[in-house]
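Okay, structure first, notes after.
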Amino acid sequence: MNITVVKHPLVQHKLGLLREGDISTMKFRQLTHELARLLAYEATRDFELESVTIDGWCGPIDIEQIKGKKVTVVPILRAGIGMLDGVLDLVPSAKISVVGLYRNEETLEPVPYFDKFVDSLDERIAIVIDPMLATGGSMNATIELLKRKGCKQIKAVVMVAAPEGVKAVNDAHPDVEIVTASLDSHLNENGYIIPGLGDAGDKIFGTKHA
Ligand SMILES: O=P(O)(O)OC[C@H]1O[C@H](OP(=O)(O)OP(=O)(O)O)[C@H](O)[C@@H]1O
Ligand SMILES: O=c1cc[nH]c(=O)[nH]1
Ligand SMILES: [Mg+2]
């Protein structure tokens, strides 16, 4: 399986806090931001470096810098927006592409309603962000849009993944690495991840009606 579960203590601690049943919108949003930053650190671990010579304070010096890679961060609306600033903390010059999808509550199929991509996708690494990978329908639809636009290097960064969604993405797109804080147990009859986080979009945007 092409999945990395980040076991770093800070990641696991913050994920645990996110699972609290009656968590406030403010706390959920803050933890999502912090967790996204840590997951982005892991997702960028294989970015290639190159040596360049610069003028240092005591003369020319060889330093390492990230090798000409262009990045686009791709939040899946709505909930992916909650992770965006955390990822941009680490890759502040990244360009942002946006994909709007919602899950039909009965069929669980993704329904597209918006997309706007940056240029030169064939030269960019795309980091797709969404807190939840449930059936995998939304992630696969986003990956397909990116590939259709020429994107060749894609990573999926999610806070929580279900085995069903990981299988769906791995089967359709074995080249796409999934980086997550947790591989949870299963999906319930409504397509929610168990134990999961509940409805991440509602919790980030404050639209949950408990
Ligand atoms: O893997 P899947 O089965 O496709 O489910 C995951 C999707 O469902 C949620 O979005 P939702 O449809 O609730 O939209 P929202 O972000 O606007 O709340 C979540 O943020 C993912 O995008
Ligand atoms: O568990 C789930 C599944 C889909 N979307 C969510 O927000 N949570
Ligand atoms: Mg939602």
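Convention: chains lettered A, B, ... in structure tokens order; per-chain residue numbering from 1; ligands numbered from 1 as shown.
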
For A:Arg103, work out the shell of residues within 9 Å, counting only C-alpha atoms and skipping chain neighbours fewer than 3 positions away, then give it as an NGL selection string.
:A and (106-112 or 137-138)

Please produce a file of those selected residues containing N, CA and C atoms, as an mmCIF file, in the first residue's frame.
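Generated file (out-v1.cif):
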```cif
data_model
loop_
_atom_site.group_PDB
_atom_site.id
_atom_site.type_symbol
_atom_site.label_atom_id
_atom_site.label_comp_id
_atom_site.auth_asym_id
_atom_site.auth_seq_id
_atom_site.Cartn_x
_atom_site.Cartn_y
_atom_site.Cartn_z
ATOM 1 N N GLU A 106 -26.597 10.249 -0.188
ATOM 2 C CA GLU A 106 -27.152 8.903 -0.389
ATOM 3 C C GLU A 106 -26.195 7.982 -1.164
ATOM 4 N N THR A 107 -25.718 8.474 -2.286
ATOM 5 C CA THR A 107 -24.878 7.601 -3.127
ATOM 6 C C THR A 107 -23.410 7.608 -2.680
ATOM 7 N N LEU A 108 -23.016 8.627 -1.908
ATOM 8 C CA LEU A 108 -21.619 8.869 -1.487
ATOM 9 C C LEU A 108 -20.704 9.216 -2.662
ATOM 10 N N GLU A 109 -21.309 9.441 -3.830
ATOM 11 C CA GLU A 109 -20.514 9.830 -5.008
ATOM 12 C C GLU A 109 -20.131 11.309 -4.913
ATOM 13 N N PRO A 110 -18.906 11.655 -5.351
ATOM 14 C CA PRO A 110 -18.521 13.074 -5.329
ATOM 15 C C PRO A 110 -19.263 13.864 -6.417
ATOM 16 N N VAL A 111 -19.753 15.035 -6.033
ATOM 17 C CA VAL A 111 -20.434 15.912 -6.996
ATOM 18 C C VAL A 111 -19.554 17.152 -7.198
ATOM 19 N N PRO A 112 -19.007 17.323 -8.414
ATOM 20 C CA PRO A 112 -18.122 18.478 -8.641
ATOM 21 C C PRO A 112 -18.919 19.766 -8.800
ATOM 22 N N GLY A 137 -13.739 8.557 -3.048
ATOM 23 C CA GLY A 137 -14.335 9.117 -4.272
ATOM 24 C C GLY A 137 -13.883 10.546 -4.542
ATOM 25 N N SER A 138 -13.860 11.380 -3.506
ATOM 26 C CA SER A 138 -13.480 12.790 -3.703
ATOM 27 C C SER A 138 -12.004 12.899 -4.076
#
```

Taking only C-alpha atoms and all ligand atoms into account, which residues have an atom no farther than 7 Å from ligand 3? I'd like them as a list in words.
Ala79, Asp199, Ala200, Gly201 and Asp202 of chain A

Export of prior selection with N, CA and C atoms as a PDB file, in the first residue's frame:
```pdb
ATOM      1  N   ALA A  79     -13.650  21.287   3.256  1.00  0.00           N
ATOM      2  CA  ALA A  79     -12.855  20.999   4.452  1.00  0.00           C
ATOM      3  C   ALA A  79     -11.343  21.158   4.228  1.00  0.00           C
ATOM      4  N   ASP A 199     -17.973  14.918  10.979  1.00  0.00           N
ATOM      5  CA  ASP A 199     -17.976  15.696   9.738  1.00  0.00           C
ATOM      6  C   ASP A 199     -16.984  16.847   9.846  1.00  0.00           C
ATOM      7  N   ALA A 200     -15.829  16.655   9.219  1.00  0.00           N
ATOM      8  CA  ALA A 200     -14.734  17.620   9.387  1.00  0.00           C
ATOM      9  C   ALA A 200     -15.106  18.993   8.832  1.00  0.00           C
ATOM     10  N   GLY A 201     -15.775  19.014   7.675  1.00  0.00           N
ATOM     11  CA  GLY A 201     -16.157  20.306   7.085  1.00  0.00           C
ATOM     12  C   GLY A 201     -17.051  21.090   8.036  1.00  0.00           C
ATOM     13  N   ASP A 202     -18.052  20.432   8.579  1.00  0.00           N
ATOM     14  CA  ASP A 202     -18.959  21.105   9.513  1.00  0.00           C
ATOM     15  C   ASP A 202     -18.211  21.606  10.741  1.00  0.00           C
TER      16      ASP A 202
END
```

Could you pull out the residues sitting within 9 Å of ligand 2, using only C-alpha atoms and all ligand atoms, and write them as a short mmCIF file (atom, residue, chain, number, x, y, z; two decimals) with C-alpha atoms, in the first residue's frame?
```cif
data_model
loop_
_atom_site.label_atom_id
_atom_site.label_comp_id
_atom_site.auth_asym_id
_atom_site.auth_seq_id
_atom_site.Cartn_x
_atom_site.Cartn_y
_atom_site.Cartn_z
CA ALA A 79 -12.85 21.00 4.45
CA ARG A 103 -20.41 13.95 -1.37
CA LEU A 108 -21.62 8.87 -1.49
CA PRO A 131 -8.98 16.12 6.26
CA MET A 132 -10.94 12.94 5.47
CA LEU A 133 -10.32 10.06 3.06
CA ALA A 134 -13.51 7.99 3.40
CA THR A 135 -14.65 6.07 0.28
CA VAL A 160 -7.63 10.44 8.80
CA ALA A 161 -8.00 7.66 6.23
CA ALA A 162 -10.35 4.68 6.04
CA LEU A 187 -16.69 3.19 7.30
CA ASN A 188 -20.12 3.08 8.90
CA ASN A 190 -23.47 6.36 6.19
CA GLY A 191 -19.93 6.43 4.84
CA TYR A 192 -18.43 8.08 7.94
CA ILE A 193 -15.02 7.01 9.16
CA ILE A 194 -15.02 5.05 12.43
CA PRO A 195 -13.69 6.22 14.85
CA GLY A 196 -12.85 9.21 12.60
CA LEU A 197 -13.58 12.79 13.48
CA GLY A 198 -17.22 13.16 12.45
CA ASP A 199 -17.98 15.70 9.74
CA ALA A 200 -14.73 17.62 9.39
CA GLY A 201 -16.16 20.31 7.09
CA ASP A 202 -18.96 21.11 9.51
CA LYS A 203 -16.52 21.21 12.42
#
```

Residue contacts of stretch 120-129 of chain A (9 Å, only C-alpha atoms) excluding same-chain residues fewer than 2 positions away, as a ChimeraX atom specification
/A:36,40,43,69-76,79-81,83-84,87,97,117-118,131-132,139,142-143,146-147,149-159

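Shortest separation to ligand 1 among A:Lys116, A:Arg148, A:His173, A:Arg78 occurs at residue A:Arg78, atoms counted being only C-alpha atoms and all ligand atoms.
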
Hey, what's within 8 Å of A:Thr4 if we count only C-alpha atoms and toss same-chain stuff fewer than 6 positions away? As a ChimeraX atom specification, please?
/A:177-180

Save the residues we just selected, N, CA and C atoms, as a PDB file, in the first residue's frame?
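The new file result_17.pdb reads:
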```
ATOM      1  N   GLU A 177       1.196   8.809  -3.324  1.00  0.00           N
ATOM      2  CA  GLU A 177       1.424   8.478  -1.912  1.00  0.00           C
ATOM      3  C   GLU A 177       0.375   9.180  -1.041  1.00  0.00           C
ATOM      4  N   ILE A 178      -0.178   8.428  -0.109  1.00  0.00           N
ATOM      5  CA  ILE A 178      -1.107   9.013   0.864  1.00  0.00           C
ATOM      6  C   ILE A 178      -0.338   9.225   2.162  1.00  0.00           C
ATOM      7  N   VAL A 179      -0.362  10.455   2.662  1.00  0.00           N
ATOM      8  CA  VAL A 179       0.272  10.756   3.954  1.00  0.00           C
ATOM      9  C   VAL A 179      -0.855  11.082   4.928  1.00  0.00           C
ATOM     10  N   THR A 180      -0.862  10.401   6.054  1.00  0.00           N
ATOM     11  CA  THR A 180      -1.966  10.572   6.999  1.00  0.00           C
ATOM     12  C   THR A 180      -1.490  10.426   8.438  1.00  0.00           C
TER      13      THR A 180
END
```

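Closest approach to ligand 1 from the set A:Leu31, A:Ile23, A:Leu145, A:Leu77 is made by A:Leu77, with distances taken over only C-alpha atoms and all ligand atoms.
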
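The residue set within 8 Å of A:Pro163, counting only C-alpha atoms and dropping same-chain residues fewer than 2 places from it, reads Ala161, Gly165, Val166, Lys167, Leu183, Asp184, Ser185 and His186 of chain A.
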
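Proximity ranking of A:Thr44, A:Thr53, A:Asn140, A:Asn170 relative to ligand 1 places A:Asn140 first, based on only C-alpha atoms and all ligand atoms.
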
Which parts of chain A does DSSP call alpha helix (DSSP H) when run on the backbone here, written out as a PyMOL selection string?
chain A and resi 9-18+25-43+81-90+137-148+163-172+200-205

Among chain A, which residues does DSSP mark as strand (DSSP E or B) when it is run on the backbone? Keep the chain and numbering as in the structure and answer as an MDAnalysis selection string.
chainID A and resid 3:5 49:56 59:66 70:77 95:96 98:103 110:116 124:129 132:133 153:161 177:183 186:187 193:194

When distances are computed from only C-alpha atoms and all ligand atoms, which of A:Ala168, A:Glu189, A:Asp130, A:Ser93 shows the smallest separation from ligand 1?
A:Asp130

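Of the residues under consideration (A:Val169, A:Val6, A:Ala181, A:Ile61), A:Val169 shows the shortest atom-to-atom contact distance to ligand 1 when counting only C-alpha atoms and all ligand atoms.
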
Quick one: residues within 7 Å of A:Asp85, only C-alpha atoms, excluding same-chain residues fewer than 3 positions away - as number ranges by chain?
A: 33, 88-89

Please produce a file of those selected residues containing C-alpha atoms, as a CSV table (one decimal), in the first residue's frame.
```csv
chain,number,residue,atom,x,y,z
A,33,HIS,CA,-3.9,23.9,11.1
A,88,LEU,CA,1.6,27.1,3.3
A,89,ASP,CA,3.5,27.7,6.6
```

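Atom pair atom CA of A:Leu38 / atom CA of A:His13 has a distance of 11.7 Å (rounded to one decimal).
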
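The protein and nucleic acid residues lying at most 8 Å from A:Asp62 are Ser51, Val52, Thr53 and Ile54 of chain A, with only C-alpha atoms considered and sequence neighbours fewer than 4 positions away removed.
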
Any chance you could export the current selection's N, CA and C atoms as a PDB file, in the first residue's frame?
```
ATOM      1  N   SER A  51      23.002  21.537  -4.797  1.00  0.00           N
ATOM      2  CA  SER A  51      23.990  22.450  -4.217  1.00  0.00           C
ATOM      3  C   SER A  51      24.105  23.687  -5.088  1.00  0.00           C
ATOM      4  N   VAL A  52      24.145  24.833  -4.452  1.00  0.00           N
ATOM      5  CA  VAL A  52      24.423  26.079  -5.184  1.00  0.00           C
ATOM      6  C   VAL A  52      25.422  26.886  -4.361  1.00  0.00           C
ATOM      7  N   THR A  53      26.136  27.736  -5.060  1.00  0.00           N
ATOM      8  CA  THR A  53      27.108  28.575  -4.374  1.00  0.00           C
ATOM      9  C   THR A  53      26.529  29.977  -4.218  1.00  0.00           C
ATOM     10  N   ILE A  54      26.582  30.486  -3.000  1.00  0.00           N
ATOM     11  CA  ILE A  54      26.086  31.850  -2.756  1.00  0.00           C
ATOM     12  C   ILE A  54      27.193  32.665  -2.093  1.00  0.00           C
TER      13      ILE A  54
END
```

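Minimum distance to ligand 1 across A:Leu49, A:Val11, A:Leu101, A:Ala172 (counting only C-alpha atoms and all ligand atoms) occurs at A:Leu101.
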